[in-house]
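Trainee: My file is entry-v4.cif. It has mmCIF, C-alpha atoms:
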```
data_entry
loop_
_atom_site.label_atom_id
_atom_site.label_comp_id
_atom_site.auth_asym_id
_atom_site.auth_seq_id
_atom_site.Cartn_x
_atom_site.Cartn_y
_atom_site.Cartn_z
CA MET A 1 78.34 183.61 75.28
CA ASN A 2 81.48 183.50 77.45
CA ASP A 3 79.36 182.21 80.31
CA ARG A 4 78.09 179.38 78.14
CA ALA A 5 81.67 178.39 77.33
CA VAL A 6 82.43 178.17 81.03
CA SER A 7 79.30 176.15 81.69
CA VAL A 8 80.40 173.61 79.08
CA ALA A 9 83.70 173.12 80.89
CA VAL A 10 81.91 172.87 84.23
CA GLY A 11 79.45 170.40 82.72
CA THR A 12 82.28 168.27 81.38
CA ALA A 13 84.10 168.34 84.70
CA LEU A 14 80.93 167.42 86.53
CA THR A 15 80.30 164.57 84.09
CA LEU A 16 83.79 163.21 84.61
CA ALA A 17 83.57 163.66 88.39
CA ILE A 18 80.20 161.92 88.65
CA SER A 19 81.39 159.14 86.35
CA GLY A 20 84.51 158.75 88.51
CA VAL A 21 82.49 158.56 91.69
CA LEU A 22 80.13 156.02 90.17
CA ILE A 23 82.94 153.86 88.82
CA THR A 24 84.86 154.06 92.09
CA GLY A 25 81.73 153.10 93.97
CA LEU A 26 81.14 150.24 91.61
CA LEU A 27 84.69 148.95 92.02
CA VAL A 28 84.63 149.29 95.80
CA GLY A 29 81.24 147.60 95.93
CA SER A 30 82.46 144.86 93.62
CA ALA A 31 85.55 144.31 95.74
CA THR A 32 83.45 143.95 98.89
CA LEU A 33 81.03 141.68 97.11
CA LEU A 34 83.93 139.72 95.69
CA ASN A 35 85.38 139.17 99.16
CA LEU A 36 82.03 138.04 100.48
CA GLN A 37 81.59 135.72 97.52
CA GLU A 38 85.07 134.32 98.07
CA GLU A 39 84.37 133.60 101.71
CA ARG A 40 81.03 132.03 100.86
CA ALA A 41 82.58 129.85 98.16
CA ALA A 42 85.51 129.00 100.45
CA ASN A 43 83.12 128.02 103.23
CA GLU A 44 81.25 125.72 100.89
CA GLN A 45 84.41 124.04 99.65
CA VAL A 46 85.87 123.74 103.13
CA ALA A 47 82.62 122.16 104.26
CA ASP A 48 82.77 119.67 101.38
CA ILE A 49 86.39 118.78 102.04
CA GLY A 50 85.97 118.64 105.82
CA SER A 51 82.92 116.41 105.81
CA ASP A 52 84.57 114.14 103.26
CA ALA A 53 87.73 113.87 105.35
CA VAL A 54 85.59 113.03 108.38
CA ASN A 55 83.96 110.28 106.32
CA TYR A 56 87.39 108.86 105.57
CA LEU A 57 88.38 108.93 109.22
CA HIS A 58 85.18 107.14 110.24
CA SER A 59 85.62 104.56 107.46
CA PHE A 60 89.21 103.89 108.46
CA ASP A 61 88.16 103.65 112.09
CA ARG A 62 85.71 100.89 111.15
CA LEU A 63 88.30 99.33 108.85
CA ASN A 64 90.67 99.08 111.81
CA ALA A 65 88.25 96.65 113.45
CA THR A 66 88.27 94.23 110.51
CA GLY A 67 91.71 92.79 111.20
CA GLU A 68 95.06 93.19 112.86
CA SER A 69 97.80 95.53 111.72
CA VAL A 70 95.53 97.18 109.18
CA ASN A 71 97.39 99.64 106.99
CA ALA A 72 95.27 101.85 104.80
CA THR A 73 95.93 104.90 102.68
CA ALA A 74 93.50 107.07 100.77
CA ALA A 75 94.52 110.07 98.70
CA PRO A 76 91.38 111.96 97.63
CA THR A 77 91.67 114.39 94.75
CA TYR A 78 90.81 117.68 96.38
CA PRO A 79 91.64 121.00 94.71
CA ASP A 80 95.11 122.30 95.52
CA ARG A 81 93.71 125.66 96.52
CA ILE A 82 90.43 126.94 97.83
CA VAL A 83 88.61 129.18 95.32
CA ASP A 84 91.62 128.64 93.12
CA SER A 85 93.64 131.14 95.16
CA TYR A 86 94.19 130.23 98.79
CA ARG A 87 96.18 127.41 100.30
CA TYR A 88 94.52 125.45 103.07
CA ASN A 89 95.41 122.76 105.54
CA LEU A 90 93.78 120.07 107.62
CA GLU A 91 94.77 119.39 111.21
CA LEU A 92 93.87 116.36 113.31
CA VAL A 93 93.97 117.02 117.04
CA ASP A 94 93.52 114.28 119.59
CA THR A 95 92.73 115.24 123.16
CA SER A 96 91.83 113.06 126.09
CA SER A 97 88.14 113.80 125.65
CA SER A 98 87.69 113.89 121.88
CA THR A 99 89.24 114.03 118.45
CA GLN A 100 88.79 117.10 116.28
CA LEU A 101 89.50 117.86 112.65
CA PHE A 102 90.15 121.46 111.64
CA VAL A 103 90.12 122.74 108.06
CA ARG A 104 91.74 126.17 107.78
CA VAL A 105 92.20 128.46 104.78
CA ASN A 106 95.34 130.61 104.84
CA ASN A 107 94.86 134.37 104.31
CA LEU A 108 91.12 134.04 104.51
CA ASP A 109 89.09 134.09 107.67
CA VAL A 110 87.62 130.65 107.11
CA GLU A 111 87.89 127.69 109.49
CA ARG A 112 85.74 124.69 110.20
CA ALA A 113 86.02 122.27 113.10
CA TYR A 114 84.58 118.76 113.25
CA ARG A 115 84.32 116.73 116.42
CA ILE A 116 84.79 113.03 115.69
CA ASP A 117 84.05 110.00 117.85
CA LEU A 118 86.62 107.33 117.07
CA ASP A 119 87.35 103.94 118.57
CA SER A 120 90.90 104.09 117.23
CA ASP A 121 93.57 106.45 118.49
CA ALA A 122 94.39 109.51 116.42
CA ARG A 123 97.81 111.09 116.03
CA ASN A 124 98.16 114.88 116.04
CA SER A 125 99.04 115.82 112.49
CA THR A 126 98.72 118.60 109.93
CA VAL A 127 98.76 118.36 106.17
CA GLY A 128 98.31 120.81 103.31
CA GLY A 129 95.40 120.34 100.95
CA GLU A 130 97.63 119.66 97.94
CA GLU A 131 99.24 116.63 99.63
CA PHE A 132 96.27 115.43 101.62
CA GLU A 133 96.00 111.76 102.47
CA VAL A 134 94.38 109.82 105.27
CA ASN A 135 96.30 106.96 106.84
CA LEU A 136 95.58 104.11 109.15
CA CYS A 137 98.92 102.99 110.55
CA GLY A 138 98.76 99.30 111.41
CA GLU A 139 101.84 99.27 113.60
CA THR A 140 100.46 101.78 116.08
CA GLU A 141 96.79 101.38 115.12
CA GLU A 142 96.53 105.15 114.83
CA LEU A 143 94.70 107.36 112.38
CA THR A 144 96.71 110.21 110.98
CA LEU A 145 96.96 112.68 108.09
CA GLY A 146 99.82 113.04 105.64
CA GLY A 147 101.52 109.68 106.10
CA CYS A 148 102.46 107.28 108.88
CA ASP A 149 106.09 108.42 108.87
CA GLN A 150 105.20 111.94 109.92
CA MET B 1 81.06 171.15 71.03
CA LYS B 2 78.19 168.67 70.75
CA ARG B 3 80.53 166.29 69.00
CA ASP B 4 83.11 166.58 71.83
CA ARG B 5 80.45 165.91 74.47
CA ALA B 6 79.26 162.90 72.61
CA GLN B 7 82.80 161.55 72.61
CA LEU B 8 83.08 162.12 76.36
CA VAL B 9 79.82 160.30 77.00
CA LEU B 10 81.06 157.44 74.82
CA VAL B 11 84.37 157.24 76.72
CA GLY B 12 82.45 157.25 80.03
CA ALA B 13 80.08 154.55 78.82
CA ILE B 14 82.95 152.35 77.67
CA THR B 15 84.71 152.83 81.02
CA VAL B 16 81.56 151.85 82.92
CA ALA B 17 81.07 148.83 80.63
CA ILE B 18 84.66 147.68 81.18
CA ALA B 19 84.26 148.07 84.97
CA ILE B 20 81.08 146.00 84.97
CA LEU B 21 82.66 143.42 82.70
CA GLY B 22 85.67 143.16 85.01
CA ALA B 23 83.47 142.69 88.06
CA VAL B 24 81.45 140.00 86.32
CA ILE B 25 84.60 138.15 85.25
CA LEU B 26 85.99 138.26 88.79
CA LEU B 27 82.74 137.01 90.29
CA ASN B 28 82.58 134.20 87.76
CA THR B 29 86.13 133.23 88.67
CA VAL B 30 84.96 132.61 92.21
CA HIS B 31 82.00 130.56 91.07
CA SER B 32 83.98 128.47 88.61
CA SER B 33 86.65 127.31 91.10
CA PRO B 34 86.93 123.52 91.11
CA GLU B 35 84.69 121.46 93.36
CA ALA B 36 86.05 118.82 95.70
CA THR B 37 85.70 115.44 94.04
CA ALA B 38 84.87 113.61 97.19
CA GLU B 39 81.96 111.29 96.70
CA THR B 40 83.59 108.70 94.47
CA ASP B 41 86.60 108.36 96.73
CA THR B 42 84.59 107.73 99.86
CA ARG B 43 82.75 104.96 98.06
CA SER B 44 86.13 103.36 97.42
CA VAL B 45 86.78 103.13 101.16
CA ALA B 46 83.31 101.71 101.71
CA ALA B 47 84.06 99.11 99.04
CA ALA B 48 87.31 98.19 100.80
CA GLU B 49 85.53 97.89 104.13
CA GLN B 50 82.79 95.72 102.65
CA THR B 51 85.26 93.51 100.80
CA LEU B 52 87.41 92.91 103.89
CA THR B 53 84.37 92.06 106.00
CA GLU B 54 83.18 89.61 103.37
CA ILE B 55 86.63 88.05 103.11
CA GLU B 56 86.78 87.58 106.89
CA GLY B 57 83.42 85.79 106.81
CA ASP B 58 84.47 83.65 103.85
CA LEU B 59 87.76 82.69 105.50
CA GLY B 60 85.90 81.70 108.67
CA ARG B 61 83.81 79.30 106.61
CA ILE B 62 86.52 77.81 104.43
CA ALA B 63 89.08 77.48 107.24
CA VAL B 64 87.08 75.18 109.50
CA ASN B 65 88.47 71.69 109.33
CA ARG B 66 86.36 69.27 107.30
CA SER B 67 88.58 66.23 107.11
CA HIS B 68 88.32 64.90 110.67
CA GLU B 69 84.79 63.66 111.20
CA GLY B 70 83.61 63.79 114.77
CA LEU B 71 85.82 66.70 115.75
CA ARG B 72 83.13 69.30 115.98
CA GLY B 73 83.54 70.81 119.43
CA PHE B 74 86.07 73.46 118.47
CA ASN B 75 87.13 75.39 115.43
CA PHE B 76 90.48 74.39 114.05
CA ALA B 77 92.10 74.12 110.66
CA SER B 78 94.17 71.50 108.96
CA LYS B 79 97.25 73.23 107.57
CA ASP B 80 97.36 71.53 104.19
CA GLU B 81 93.63 71.80 103.71
CA LEU B 82 93.76 75.46 104.61
CA LYS B 83 96.48 76.24 102.09
CA SER B 84 94.64 74.62 99.20
CA ASN B 85 91.29 76.13 100.19
CA VAL B 86 92.67 79.65 100.43
CA TRP B 87 94.44 79.24 97.11
CA ALA B 88 91.21 78.11 95.47
CA TYR B 89 89.27 80.93 97.14
CA GLU B 90 91.66 83.58 95.88
CA ASN B 91 91.76 82.21 92.36
CA GLN B 92 88.06 81.66 91.93
CA SER B 93 85.95 83.82 94.20
CA LEU B 94 88.13 86.90 94.38
CA ASN B 95 88.84 86.93 90.67
CA LEU B 96 85.12 86.88 90.02
CA THR B 97 84.43 89.82 92.31
CA THR B 98 87.07 91.98 90.68
CA ILE B 99 85.97 91.51 87.09
CA ASP B 100 85.03 94.83 85.44
CA SER B 101 86.36 96.88 88.32
CA ALA B 102 89.72 98.50 88.87
CA THR B 103 90.29 96.54 92.04
CA VAL B 104 92.92 94.04 93.08
CA THR B 105 92.38 91.82 96.11
CA THR B 106 94.76 89.18 97.39
CA VAL B 107 94.54 86.75 100.28
CA GLU B 108 97.43 84.65 101.57
CA PHE B 109 97.64 82.22 104.44
CA ASN B 110 100.31 83.49 106.82
CA GLU B 111 101.78 80.39 108.41
CA ILE B 112 104.36 82.26 110.48
CA ASP B 113 101.84 84.44 112.31
CA SER B 114 99.32 81.61 112.69
CA THR B 115 99.16 79.69 115.94
CA GLY B 116 99.39 75.95 115.87
CA GLY B 117 98.53 73.29 118.36
CA ALA B 118 97.07 69.83 118.82
CA ILE B 119 93.62 68.38 119.12
CA GLY B 120 92.87 65.10 120.85
CA ALA B 121 89.56 63.36 120.91
CA ASN B 122 87.79 60.16 121.69
CA GLU B 123 84.44 60.01 120.03
CA SER B 124 82.96 57.42 122.29
CA VAL B 125 84.20 55.73 125.41
CA VAL B 126 81.80 52.87 125.87
CA ASP B 127 81.49 50.07 128.37
CA GLY B 128 85.04 49.28 129.02
CA ASP B 129 87.69 48.82 131.52
CA TYR B 130 89.84 51.84 131.13
CA THR B 131 92.85 52.13 133.28
CA GLY B 132 95.92 54.20 133.18
CA ASN B 133 96.68 57.78 132.47
CA ASN B 134 96.47 58.61 128.76
CA ILE B 135 98.31 61.79 127.99
CA VAL B 136 96.46 63.63 125.23
CA VAL B 137 98.36 66.89 124.85
CA GLU B 138 101.48 68.39 126.30
CA ASP B 139 103.11 71.78 126.71
CA ALA B 140 100.10 73.86 125.82
CA ASP B 141 99.81 77.62 126.19
CA ASP B 142 96.09 77.34 126.69
CA VAL B 143 93.57 74.53 126.64
CA ARG B 144 89.93 74.09 125.78
CA ILE B 145 88.06 70.95 126.78
CA PHE B 146 84.67 69.68 125.71
CA LEU B 147 83.37 66.58 127.47
CA GLU B 148 79.97 65.07 126.80
CA ILE B 149 78.53 62.28 128.93
CA THR B 150 75.51 60.91 127.17
CA ARG B 151 74.65 57.93 129.36
CA PHE B 152 75.73 56.16 132.48
CA GLU B 153 74.20 54.47 135.40
CA ASP B 154 75.41 54.19 138.87
CA GLN B 155 78.64 53.21 140.02
CA GLY B 156 80.20 55.57 142.46
CA GLY B 157 83.75 56.59 142.28
CA ALA B 158 85.28 58.51 139.48
CA LEU B 159 83.77 57.70 136.12
CA GLN B 160 85.73 60.01 133.94
CA ASN B 161 88.61 62.12 134.98
CA ILE B 162 90.37 64.82 133.11
CA VAL B 163 93.64 65.54 134.78
CA ARG B 164 95.61 68.68 134.29
CA THR B 165 99.22 68.77 135.29
CA GLY B 166 100.62 72.25 135.75
CA PRO B 167 104.18 73.36 136.44
CA ASN B 168 103.33 74.77 139.86
CA THR B 169 100.11 73.12 140.86
CA GLY B 170 100.68 69.41 140.29
CA ASN B 171 97.70 67.30 139.31
CA GLN B 172 94.16 68.62 139.40
CA GLN B 173 91.25 66.57 138.20
CA LEU B 174 87.74 67.04 137.04
CA ASP B 175 85.70 64.35 138.77
CA VAL B 176 82.13 63.68 137.68
CA ARG B 177 80.60 61.24 140.16
CA ASP B 178 77.07 60.65 138.92
CA ALA B 179 74.29 62.33 137.07
CA SER B 180 72.37 63.52 140.07
CA ASP B 181 75.36 64.75 141.96
CA VAL B 182 77.80 66.38 139.62
CA ASP B 183 80.72 67.36 141.69
CA VAL B 184 83.96 68.92 140.69
CA GLU B 185 86.44 68.20 143.33
CA GLY B 186 88.44 71.13 144.47
CA TRP B 187 87.66 73.28 141.43
CA GLY B 188 85.09 75.58 142.89
CA PHE B 189 81.92 74.30 141.29
CA ALA B 190 78.70 74.37 143.22
CA GLY B 191 75.00 73.96 142.57
CA CYS B 192 75.33 71.36 139.87
CA ASP B 193 73.01 68.78 141.39
CA ASP B 194 70.14 67.23 139.54
CA LEU B 195 71.27 67.96 136.01
CA ALA B 196 69.56 65.58 133.59
CA LEU B 197 71.61 63.53 131.19
CA PRO B 198 73.20 64.01 128.80
CA ILE B 199 75.49 66.59 130.30
CA GLU B 200 78.14 68.66 128.62
CA ILE B 201 81.17 70.04 130.35
CA GLU B 202 83.00 72.82 128.60
CA VAL B 203 86.17 74.30 129.97
CA ILE B 204 88.09 77.07 128.26
CA ASN B 205 91.30 78.08 129.97
CA GLY B 206 89.96 77.16 133.37
CA GLN B 207 86.61 78.90 132.98
CA GLY B 208 83.82 76.47 132.43
CA GLU B 209 80.24 75.36 132.52
CA ILE B 210 78.42 72.11 133.24
CA ARG B 211 75.04 71.97 131.57
CA SER B 212 72.30 69.57 130.64
CA THR B 213 72.07 69.23 126.88
CA ASP B 214 68.30 68.70 126.89
CA THR B 215 67.09 71.13 129.50
CA GLY B 216 69.79 73.73 129.11
CA ASP B 217 70.13 73.99 132.89
CA SER B 218 73.66 74.80 133.84
CA CYS B 219 76.02 75.69 136.57
CA THR B 220 79.13 77.68 135.96
CA GLY B 221 82.30 78.11 137.85
CA ASP B 222 85.93 78.84 137.83
CA PHE B 223 87.94 75.69 137.59
CA ASP B 224 91.15 77.25 138.61
CA THR B 225 91.53 80.85 139.54
CA VAL B 226 95.20 80.52 140.38
CA ASP B 227 96.82 80.46 136.97
CA ASN B 228 93.88 80.23 134.55
CA TRP B 229 95.39 77.21 132.87
CA GLU B 230 98.25 78.98 131.29
CA ASP B 231 101.27 76.87 130.45
CA VAL B 232 99.62 73.52 130.91
CA GLU B 233 102.18 70.75 130.95
CA GLN B 234 99.85 67.85 130.32
CA ILE B 235 96.20 67.11 129.84
CA SER B 236 95.36 63.49 130.44
CA VAL B 237 92.19 61.50 130.15
CA PHE B 238 92.22 59.12 133.05
CA ASN B 239 89.81 56.24 133.30
CA ASN B 240 90.39 54.15 136.33
CA MET B 241 87.34 52.03 136.87
CA ASN B 242 85.21 49.37 135.33
CA ILE B 243 82.42 51.35 133.81
CA ASP B 244 79.10 49.94 132.78
CA ASP B 245 76.65 51.68 130.53
CA LEU B 246 78.77 54.74 129.97
CA GLU B 247 78.84 56.68 126.78
CA ALA B 248 81.02 59.69 126.73
CA SER B 249 83.21 61.61 124.38
CA TYR B 250 85.81 64.25 124.87
CA GLU B 251 87.64 66.75 122.76
CA ILE B 252 90.70 68.65 123.92
CA ILE B 253 92.26 71.38 121.82
CA ALA B 254 95.53 72.92 122.87
CA THR B 255 97.05 76.07 121.44
CA GLY B 256 100.79 75.88 121.21
CA GLY B 257 100.85 72.27 122.39
CA GLU B 258 101.50 68.91 120.85
CA CYS B 259 100.17 65.41 121.13
CA GLY B 260 101.30 63.24 124.02
CA ASP B 261 103.15 60.01 123.60
CA ASP B 262 100.26 57.78 124.57
CA GLU B 263 98.24 56.17 121.86
CA VAL B 264 95.10 58.21 122.03
CA GLN B 265 93.48 59.85 119.05
CA CYS B 266 95.30 63.12 118.59
CA PHE B 267 96.31 65.33 115.69
CA ASP B 268 99.42 67.44 115.76
CA ASP B 269 100.21 70.23 113.40
CA ILE B 270 96.81 71.82 113.31
CA ILE B 271 96.08 75.53 113.21
CA THR B 272 94.08 76.84 116.14
CA GLN B 273 94.33 80.50 115.20
CA PRO B 274 94.98 80.97 111.49
CA ALA B 275 96.30 84.29 110.20
CA PHE B 276 95.82 85.67 106.69
CA ASP B 277 97.39 88.61 104.90
CA VAL B 278 94.80 90.48 102.91
CA ALA B 279 95.46 93.31 100.47
CA PHE B 280 92.91 95.48 98.69
CA GLN B 281 93.72 98.17 96.20
CA ASN B 282 91.72 100.38 93.90
CA PRO B 283 92.70 103.70 92.34
CA ASN B 284 91.87 105.65 95.48
CA VAL B 285 92.46 103.37 98.43
CA ALA B 286 95.13 100.88 99.40
CA VAL B 287 94.56 98.61 102.37
CA ASP B 288 96.62 95.76 103.71
CA SER B 289 95.52 93.90 106.76
CA GLN B 290 96.00 90.75 108.74
CA ILE B 291 92.93 88.75 109.67
CA ARG B 292 93.16 86.26 112.53
CA LEU B 293 90.39 83.81 113.22
CA TRP B 294 89.07 82.30 116.43
CA GLU B 295 91.11 84.43 118.76
CA ASP B 296 88.25 85.06 121.19
CA GLU B 297 87.92 81.39 121.97
CA SER B 298 91.36 81.02 123.45
#
```
Would you write the structure of this file as structure tokens?
Mentor:
Amino acid sequence: MNDRAVSVAVGTALTLAISGVLITGLLVGSATLLNLQEERAANEQVADIGSDAVNYLHSFDRLNATGESVNATAAPTYPDRIVDSYRYNLELVDTSSSTQLFVRVNNLDVERAYRIDLDSDARNSTVGGEEFEVNLCGETEELTLGGCDQ
Amino acid sequence: MKRDRAQLVLVGAITVAIAILGAVILLNTVHSSPEATAETDTRSVAAAEQTLTEIEGDLGRIAVNRSHEGLRGFNFASKDELKSNVWAYENQSLNLTTIDSATVTTVEFNEIDSTGGAIGANESVVDGDYTGNNIVVEDADDVRIFLEITRFEDQGGALQNIVRTGPNTGNQQLDVRDASDVDVEGWGFAGCDDLALPIEIEVINGQGEIRSTDTGDSCTGDFDTVDNWEDVEQISVFNNMNIDDLEASYEIIATGGECGDDEVQCFDDIITQPAFDVAFQNPNVAVDSQIRLWEDES
């Protein structure tokens, strides 16, 4: 009878241990899955925002050819944060051979680069997602992000 | 004991349920993060682009001078006519296009940034004894000339001269001798023989073409490669012979110039390159631009 009493305690301990292992595994698995899901969702949103920003740059580039000293500003309503958690920024980089737009998410290994063919000049500029705007600065006939005064 | 075990199983089950519930909530948080509202905004830029292109086309049509019959060789605008036409355009056409949309578009004639000048013309020089040097325009920054000779017979000598007086080069003249032997003295033309009448001679800032209106045959050349007709002091139409059976007309438009003192048909105070300030605004995009017309022709 004493042995049975011990076996009950062992059984209870085993039950708790197995439950703990299962729950821990579930949480660890969920965390990994959550990270993957976050990156996937972030990639989708970054792709949406990036391709839309490229559309703006192309539109403003064409708009620049419609007149002289064309000033244009567009402030699209993008989310302040990617997947509601991470800040992001957009960077316009002009080199001698091409112009590129980068969309980067802070604290998450997500970045997208877009190569853009523009007739207008582009000014190197960086802007956070929450204050994003595209500008065509008539005085210098340059495309930039975040305002002509930058 | 069985009761205690049942309680333990229940506690375990609740713990597992809470863990699964938590994971589901977290995953749903990722899925329910806001989407980028991009499509509508990009359409706004496309609308701005389309509107500005349409406005540029409309301004090109309404700006062309309508009040001076016979002056058809070059585009130019009458200042007063332009002001009233643009005002009417903004009040009627643009107001119609912005009904039922959150868009504001304005167009204003910008007189300060526009370029003025003078246009001189003689619709028909016929059978006369023209002597003297008639100054058409003076002090021009650049000059465009259109000369059409529709009929003449014979004569030898200079039939119609257009004389340019430059600050450094003195007088240079376009000298058309006869229909079968079009010759431009000293201005570098060649190969212009045997052009059938009527012939047209078009010169824009020293670059020009002589062509037959009917056959389209032409010869081109550089009238003056030295200074490309910049800063022309005077353009004169000089007729120095008795001319029989000649019909010709000329049109000279000068940017930045003014009419000469001689009594030839000439209009001062015209606009050769009008400028307009255009603004377009909707909730997503603000554009302001300056549109200038006819710049490529100078």
Trainee: Once the PyMOL selection byres ((chain A) within 8 of (chain B)) is applied to the coordinates I shared, what remains selected? I want it as an NGL selection string.
Mentor: :A and (12 or 16 or 19 or 23 or 26-27 or 30 or 34 or 37-38 or 41 or 45 or 48-49 or 52 or 55-56 or 59-60 or 62-63 or 66-79 or 82-84 or 138)
Trainee: Please indicate the distance in Å from CA of His58 (chain A) to CA of Leu143 (chain A), rounded to one decimal place.
Mentor: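 Calculated distance between CA of His58 (chain A) and CA of Leu143 (chain A) is 9.8 Å.
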Trainee: Give me, please, the distance in Å between CA of Glu131 (chain A) and CA of Tyr114 (chain A), quoted to one decimal.
Mentor: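 Separating CA of Glu131 (chain A) from CA of Tyr114 (chain A) is a distance of 20.1 Å.
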Trainee: Just to confirm, what's the straight-line distance from CA of Val105 (chain A) to CA of Arg87 (chain A) in Å (one decimal)?
Mentor: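 Separation between CA of Val105 (chain A) and CA of Arg87 (chain A): 6.1 Å.
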Trainee: Assuming the chain letters and numbering stay as they are in my file, what does the PyMOL selection byres ((chain A and resi 150) around 12) actually select? List them as a list in words.
Mentor: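 Residues picked by the PyMOL selection byres ((chain A and resi 150) around 12): Arg123, Asn124, Ser125, Thr126, Val127, Glu133, Val134, Asn135, Cys137, Leu143, Thr144, Leu145, Gly146, Gly147, Cys148 and Asp149 of chain A.
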Trainee: Leaving out Asn85 (chain B) and any residue of its chain fewer than 4 positions from it, which residues lie within 7 Å of it when counting all atoms listed in the file, given as a list in words?
Mentor: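 Skipping anything fewer than 4 positions along the chain leaves Ile62, Glu81 and Tyr89 of chain B.
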Trainee: Pick out the residues sitting within 6 Å of region 250-256 of chain B, and hand them over as a list of chain:residue names; count only C-alpha atoms, and ignore anything fewer than 3 positions along from it in its own chain.
Mentor: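 Listed by chain and then number, they are B:Gly116, B:Gly117, B:Ala118, B:Ile119, B:Gly120, B:Ala121, B:Asn122, B:Ala140, B:Asp141, B:Asp142, B:Val143, B:Arg144, B:Ile145, B:Phe146, B:Leu147.
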Trainee: Pull region 100-114 of chain A out of the block and emit N, CA and C atoms, as an mmCIF file, in the first residue's frame.
Mentor:
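Result saved to out-v5.cif:
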```
data_model
loop_
_atom_site.group_PDB
_atom_site.id
_atom_site.type_symbol
_atom_site.label_atom_id
_atom_site.label_comp_id
_atom_site.auth_asym_id
_atom_site.auth_seq_id
_atom_site.Cartn_x
_atom_site.Cartn_y
_atom_site.Cartn_z
ATOM 1 N N GLN A 100 18.123 54.764 -55.756
ATOM 2 C CA GLN A 100 17.543 53.627 -55.042
ATOM 3 C C GLN A 100 16.733 54.113 -53.846
ATOM 4 N N LEU A 101 15.656 53.377 -53.593
ATOM 5 C CA LEU A 101 14.843 53.640 -52.407
ATOM 6 C C LEU A 101 14.958 52.423 -51.491
ATOM 7 N N PHE A 102 15.290 52.665 -50.247
ATOM 8 C CA PHE A 102 15.368 51.592 -49.256
ATOM 9 C C PHE A 102 14.255 51.775 -48.225
ATOM 10 N N VAL A 103 13.597 50.689 -47.880
ATOM 11 C CA VAL A 103 12.641 50.705 -46.769
ATOM 12 C C VAL A 103 13.177 49.751 -45.714
ATOM 13 N N ARG A 104 13.462 50.281 -44.531
ATOM 14 C CA ARG A 104 14.077 49.461 -43.477
ATOM 15 C C ARG A 104 13.200 49.493 -42.220
ATOM 16 N N VAL A 105 13.116 48.315 -41.575
ATOM 17 C CA VAL A 105 12.358 48.216 -40.321
ATOM 18 C C VAL A 105 13.354 48.084 -39.177
ATOM 19 N N ASN A 106 13.266 48.994 -38.209
ATOM 20 C CA ASN A 106 14.188 48.953 -37.074
ATOM 21 C C ASN A 106 13.888 47.726 -36.210
ATOM 22 N N ASN A 107 14.918 47.120 -35.668
ATOM 23 C CA ASN A 107 14.807 45.982 -34.740
ATOM 24 C C ASN A 107 14.169 44.754 -35.366
ATOM 25 N N LEU A 108 14.126 44.709 -36.648
ATOM 26 C CA LEU A 108 13.598 43.537 -37.334
ATOM 27 C C LEU A 108 14.415 43.404 -38.618
ATOM 28 N N ASP A 109 14.794 42.209 -38.917
ATOM 29 C CA ASP A 109 15.710 42.027 -40.044
ATOM 30 C C ASP A 109 14.930 42.070 -41.362
ATOM 31 N N VAL A 110 14.374 43.238 -41.624
ATOM 32 C CA VAL A 110 13.582 43.389 -42.856
ATOM 33 C C VAL A 110 14.052 44.638 -43.591
ATOM 34 N N GLU A 111 14.392 44.484 -44.856
ATOM 35 C CA GLU A 111 14.785 45.634 -45.683
ATOM 36 C C GLU A 111 14.432 45.328 -47.133
ATOM 37 N N ARG A 112 13.950 46.347 -47.808
ATOM 38 C CA ARG A 112 13.678 46.193 -49.241
ATOM 39 C C ARG A 112 14.340 47.339 -49.998
ATOM 40 N N ALA A 113 14.887 47.025 -51.140
ATOM 41 C CA ALA A 113 15.524 48.054 -51.969
ATOM 42 C C ALA A 113 14.847 48.086 -53.329
ATOM 43 N N TYR A 114 14.622 49.300 -53.826
ATOM 44 C CA TYR A 114 14.001 49.493 -55.138
ATOM 45 C C TYR A 114 14.920 50.359 -55.986
#
```
